[in-house]
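Novice: Submitted below is the structure of interest, expressed as structure tokens.
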Amino acid sequence: MLLTNLYTLEGTTPAAAPASSMLMPLILIGAMILMFYFTSRSQKKQAKREEEMRNSIGIGDEITTIGGIIGRVVNKREDTIVIETSSDRTKIKLELRSVRSVDKKANEKNEQRPVTFKVKK
């Protein structure tokens with residue numbers, strides 16, 4: 001009787017107090033589920049972009065590997081590529097998944113033109 005009088009003085013009932021305490025953990029669990037969903041979604045988009053980039057590699061493209069090696073693609077197969085890394089034509093065979101980025105496509109024109117001077121006679 002004393003407890004019911006105490007709750008009625010505060011304006012709440014004994015049944016309302018436990019319901020509000022159960023709401024907070026459900027909100028936290030829901031927020032965690034949403035966070036994991038959006039994280040996995042962004043990772044899937046990133047993986048799809050990387051796969052498209054690797055599939056678009058062609059002969060003559062300049063690439064950078066995960067290890068930092070820069071070279072030009074001279075041969076491509078399903079899951080391997082061969083690149084030339086220097087002017088003395090050193091060739092390295094790599095797995096396609098080791099490519100970090102495509103720096104320059106083979107069909108792109110060089111944006112920087114060499115400077116030429118005309119001499120008047």
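Going by the structure tokens order, chains are called A, B, ..., each with residues numbered from 1, while ligands are numbered from 1 in the order shown.
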Need to verify the contact set: range 49-57 of chain A, 9 Å, only C-alpha atoms, exclusion of same-chain residues closer than 5 positions in sequence. Can you return it as a list in words?
Specialist: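 Here the answer would be Lys44, Ile63, Val73, Lys76, Leu96, Arg97, Val99, Arg100, Ser101, Val102 and Lys105 of chain A.
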Novice: Can you write out the residues you just picked, keeping all heavy atoms, as a PDB file, in the first residue's frame?
Specialist:
ATOM      1  N   LYS A  44      30.627  -3.506 -49.686  1.00  0.00           N
ATOM      2  CA  LYS A  44      30.242  -4.200 -50.919  1.00  0.00           C
ATOM      3  C   LYS A  44      30.383  -3.280 -52.122  1.00  0.00           C
ATOM      4  O   LYS A  44      30.832  -3.713 -53.195  1.00  0.00           O
ATOM      5  CB  LYS A  44      28.813  -4.715 -50.813  1.00  0.00           C
ATOM      6  CG  LYS A  44      28.663  -5.910 -49.913  1.00  0.00           C
ATOM      7  CD  LYS A  44      27.227  -6.368 -49.830  1.00  0.00           C
ATOM      8  CE  LYS A  44      27.074  -7.499 -48.836  1.00  0.00           C
ATOM      9  NZ  LYS A  44      25.676  -7.935 -48.711  1.00  0.00           N
ATOM     10  N   ILE A  63      49.796   0.896 -64.347  1.00  0.00           N
ATOM     11  CA  ILE A  63      49.148   0.524 -63.099  1.00  0.00           C
ATOM     12  C   ILE A  63      50.115   0.684 -61.933  1.00  0.00           C
ATOM     13  O   ILE A  63      51.329   0.785 -62.121  1.00  0.00           O
ATOM     14  CB  ILE A  63      48.645  -0.933 -63.139  1.00  0.00           C
ATOM     15  CG1 ILE A  63      49.817  -1.901 -63.298  1.00  0.00           C
ATOM     16  CG2 ILE A  63      47.612  -1.130 -64.218  1.00  0.00           C
ATOM     17  CD1 ILE A  63      49.487  -3.311 -62.931  1.00  0.00           C
ATOM     18  N   VAL A  73      51.173  -2.604 -68.487  1.00  0.00           N
ATOM     19  CA  VAL A  73      50.673  -3.956 -68.751  1.00  0.00           C
ATOM     20  C   VAL A  73      51.055  -4.372 -70.166  1.00  0.00           C
ATOM     21  O   VAL A  73      50.812  -3.643 -71.125  1.00  0.00           O
ATOM     22  CB  VAL A  73      49.136  -4.013 -68.575  1.00  0.00           C
ATOM     23  CG1 VAL A  73      48.608  -5.397 -68.897  1.00  0.00           C
ATOM     24  CG2 VAL A  73      48.735  -3.599 -67.174  1.00  0.00           C
ATOM     25  N   LYS A  76      47.731  -9.864 -70.465  1.00  0.00           N
ATOM     26  CA  LYS A  76      46.672 -10.059 -69.476  1.00  0.00           C
ATOM     27  C   LYS A  76      45.974 -11.379 -69.738  1.00  0.00           C
ATOM     28  O   LYS A  76      45.650 -11.702 -70.874  1.00  0.00           O
ATOM     29  CB  LYS A  76      45.660  -8.912 -69.532  1.00  0.00           C
ATOM     30  CG  LYS A  76      44.551  -9.063 -68.528  1.00  0.00           C
ATOM     31  CD  LYS A  76      43.548  -7.933 -68.617  1.00  0.00           C
ATOM     32  CE  LYS A  76      42.401  -8.207 -67.654  1.00  0.00           C
ATOM     33  NZ  LYS A  76      41.328  -7.239 -67.787  1.00  0.00           N
ATOM     34  N   LEU A  96      46.067 -10.529 -60.698  1.00  0.00           N
ATOM     35  CA  LEU A  96      45.238  -9.369 -61.004  1.00  0.00           C
ATOM     36  C   LEU A  96      44.744  -8.675 -59.737  1.00  0.00           C
ATOM     37  O   LEU A  96      44.603  -7.459 -59.702  1.00  0.00           O
ATOM     38  CB  LEU A  96      44.054  -9.793 -61.873  1.00  0.00           C
ATOM     39  CG  LEU A  96      43.260  -8.704 -62.564  1.00  0.00           C
ATOM     40  CD1 LEU A  96      44.169  -7.849 -63.433  1.00  0.00           C
ATOM     41  CD2 LEU A  96      42.148  -9.291 -63.375  1.00  0.00           C
ATOM     42  N   ARG A  97      44.523  -9.434 -58.666  1.00  0.00           N
ATOM     43  CA  ARG A  97      44.030  -8.832 -57.422  1.00  0.00           C
ATOM     44  C   ARG A  97      45.083  -8.000 -56.696  1.00  0.00           C
ATOM     45  O   ARG A  97      44.768  -7.321 -55.734  1.00  0.00           O
ATOM     46  CB  ARG A  97      43.471  -9.901 -56.503  1.00  0.00           C
ATOM     47  CG  ARG A  97      44.511 -10.888 -56.035  1.00  0.00           C
ATOM     48  CD  ARG A  97      43.913 -11.936 -55.166  1.00  0.00           C
ATOM     49  NE  ARG A  97      44.953 -12.890 -54.812  1.00  0.00           N
ATOM     50  CZ  ARG A  97      44.755 -13.953 -54.109  1.00  0.00           C
ATOM     51  NH1 ARG A  97      43.553 -14.214 -53.665  1.00  0.00           N
ATOM     52  NH2 ARG A  97      45.739 -14.757 -53.828  1.00  0.00           N
ATOM     53  N   VAL A  99      46.574  -5.456 -58.034  1.00  0.00           N
ATOM     54  CA  VAL A  99      46.560  -4.122 -58.633  1.00  0.00           C
ATOM     55  C   VAL A  99      45.790  -3.180 -57.713  1.00  0.00           C
ATOM     56  O   VAL A  99      44.654  -3.462 -57.324  1.00  0.00           O
ATOM     57  CB  VAL A  99      45.915  -4.142 -60.032  1.00  0.00           C
ATOM     58  CG1 VAL A  99      45.808  -2.745 -60.596  1.00  0.00           C
ATOM     59  CG2 VAL A  99      46.710  -5.035 -60.957  1.00  0.00           C
ATOM     60  N   ARG A 100      46.423  -2.070 -57.347  1.00  0.00           N
ATOM     61  CA  ARG A 100      45.757  -1.069 -56.509  1.00  0.00           C
ATOM     62  C   ARG A 100      44.992  -0.072 -57.345  1.00  0.00           C
ATOM     63  O   ARG A 100      43.858   0.272 -57.054  1.00  0.00           O
ATOM     64  CB  ARG A 100      46.760  -0.324 -55.649  1.00  0.00           C
ATOM     65  CG  ARG A 100      46.082   0.785 -54.824  1.00  0.00           C
ATOM     66  CD  ARG A 100      47.036   1.691 -54.126  1.00  0.00           C
ATOM     67  NE  ARG A 100      47.886   0.951 -53.219  1.00  0.00           N
ATOM     68  CZ  ARG A 100      49.025   1.410 -52.748  1.00  0.00           C
ATOM     69  NH1 ARG A 100      49.461   2.591 -53.103  1.00  0.00           N
ATOM     70  NH2 ARG A 100      49.758   0.697 -51.926  1.00  0.00           N
ATOM     71  N   SER A 101      45.633   0.451 -58.416  1.00  0.00           N
ATOM     72  CA  SER A 101      44.970   1.474 -59.217  1.00  0.00           C
ATOM     73  C   SER A 101      45.499   1.470 -60.645  1.00  0.00           C
ATOM     74  O   SER A 101      46.602   1.015 -60.913  1.00  0.00           O
ATOM     75  CB  SER A 101      45.186   2.857 -58.601  1.00  0.00           C
ATOM     76  OG  SER A 101      46.556   3.190 -58.632  1.00  0.00           O
ATOM     77  N   VAL A 102      44.675   1.997 -61.534  1.00  0.00           N
ATOM     78  CA  VAL A 102      45.074   2.212 -62.925  1.00  0.00           C
ATOM     79  C   VAL A 102      45.408   3.695 -63.034  1.00  0.00           C
ATOM     80  O   VAL A 102      44.547   4.552 -62.869  1.00  0.00           O
ATOM     81  CB  VAL A 102      43.949   1.826 -63.902  1.00  0.00           C
ATOM     82  CG1 VAL A 102      44.359   2.125 -65.329  1.00  0.00           C
ATOM     83  CG2 VAL A 102      43.583   0.370 -63.740  1.00  0.00           C
ATOM     84  N   LYS A 105      45.177   5.062 -68.659  1.00  0.00           N
ATOM     85  CA  LYS A 105      44.700   4.100 -69.642  1.00  0.00           C
ATOM     86  C   LYS A 105      45.522   4.249 -70.923  1.00  0.00           C
ATOM     87  O   LYS A 105      46.036   5.312 -71.221  1.00  0.00           O
ATOM     88  CB  LYS A 105      43.224   4.325 -69.952  1.00  0.00           C
ATOM     89  CG  LYS A 105      42.294   4.162 -68.771  1.00  0.00           C
ATOM     90  CD  LYS A 105      42.230   2.761 -68.272  1.00  0.00           C
ATOM     91  CE  LYS A 105      41.181   1.976 -68.987  1.00  0.00           C
ATOM     92  NZ  LYS A 105      41.104   0.587 -68.578  1.00  0.00           N
TER      93      LYS A 105
END
Novice: Measure the distance from CA of Leu34 in chain A to CA of Gln46 in chain A in Å and round it to one decimal.
Specialist: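 Atom-to-atom, CA of Leu34 in chain A to CA of Gln46 in chain A, that is 18.6 Å.
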Novice: So which residues touch Lys91 in chain A within 9 Å, counting only C-alpha atoms, skipping near sequence neighbours fewer than 3 positions away, as a PyMOL selection string?
Specialist: chain A and resi 71+74+82-86
Novice: Using the selection just defined, write its residues with N, CA, C and O atoms as a PDB file, in the first residue's frame.
Specialist:
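out38.pdb was written with the following content:
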ATOM      1  N   GLY A  71      54.100   0.028 -63.313  1.00  0.00           N
ATOM      2  CA  GLY A  71      54.497  -0.556 -64.584  1.00  0.00           C
ATOM      3  C   GLY A  71      53.409  -0.460 -65.624  1.00  0.00           C
ATOM      4  O   GLY A  71      52.301  -0.001 -65.361  1.00  0.00           O
ATOM      5  N   VAL A  74      51.690  -5.550 -70.285  1.00  0.00           N
ATOM      6  CA  VAL A  74      52.055  -6.068 -71.604  1.00  0.00           C
ATOM      7  C   VAL A  74      51.305  -7.344 -71.952  1.00  0.00           C
ATOM      8  O   VAL A  74      51.254  -7.729 -73.121  1.00  0.00           O
ATOM      9  N   VAL A  82      51.088  -9.435 -66.816  1.00  0.00           N
ATOM     10  CA  VAL A  82      52.533  -9.246 -66.910  1.00  0.00           C
ATOM     11  C   VAL A  82      52.751  -7.765 -67.157  1.00  0.00           C
ATOM     12  O   VAL A  82      52.129  -7.180 -68.043  1.00  0.00           O
ATOM     13  N   ILE A  83      53.657  -7.158 -66.351  1.00  0.00           N
ATOM     14  CA  ILE A  83      53.928  -5.731 -66.514  1.00  0.00           C
ATOM     15  C   ILE A  83      55.415  -5.512 -66.770  1.00  0.00           C
ATOM     16  O   ILE A  83      56.247  -6.307 -66.357  1.00  0.00           O
ATOM     17  N   GLU A  84      55.717  -4.426 -67.485  1.00  0.00           N
ATOM     18  CA  GLU A  84      57.090  -3.947 -67.650  1.00  0.00           C
ATOM     19  C   GLU A  84      57.283  -2.828 -66.651  1.00  0.00           C
ATOM     20  O   GLU A  84      56.469  -1.915 -66.572  1.00  0.00           O
ATOM     21  N   THR A  85      58.400  -2.900 -65.909  1.00  0.00           N
ATOM     22  CA  THR A  85      58.565  -1.933 -64.829  1.00  0.00           C
ATOM     23  C   THR A  85      59.582  -0.846 -65.099  1.00  0.00           C
ATOM     24  O   THR A  85      59.630   0.119 -64.360  1.00  0.00           O
ATOM     25  N   SER A  86      60.396  -0.979 -66.116  1.00  0.00           N
ATOM     26  CA  SER A  86      61.416   0.052 -66.339  1.00  0.00           C
ATOM     27  C   SER A  86      61.785   0.110 -67.813  1.00  0.00           C
ATOM     28  O   SER A  86      61.275  -0.645 -68.635  1.00  0.00           O
TER      29      SER A  86
END
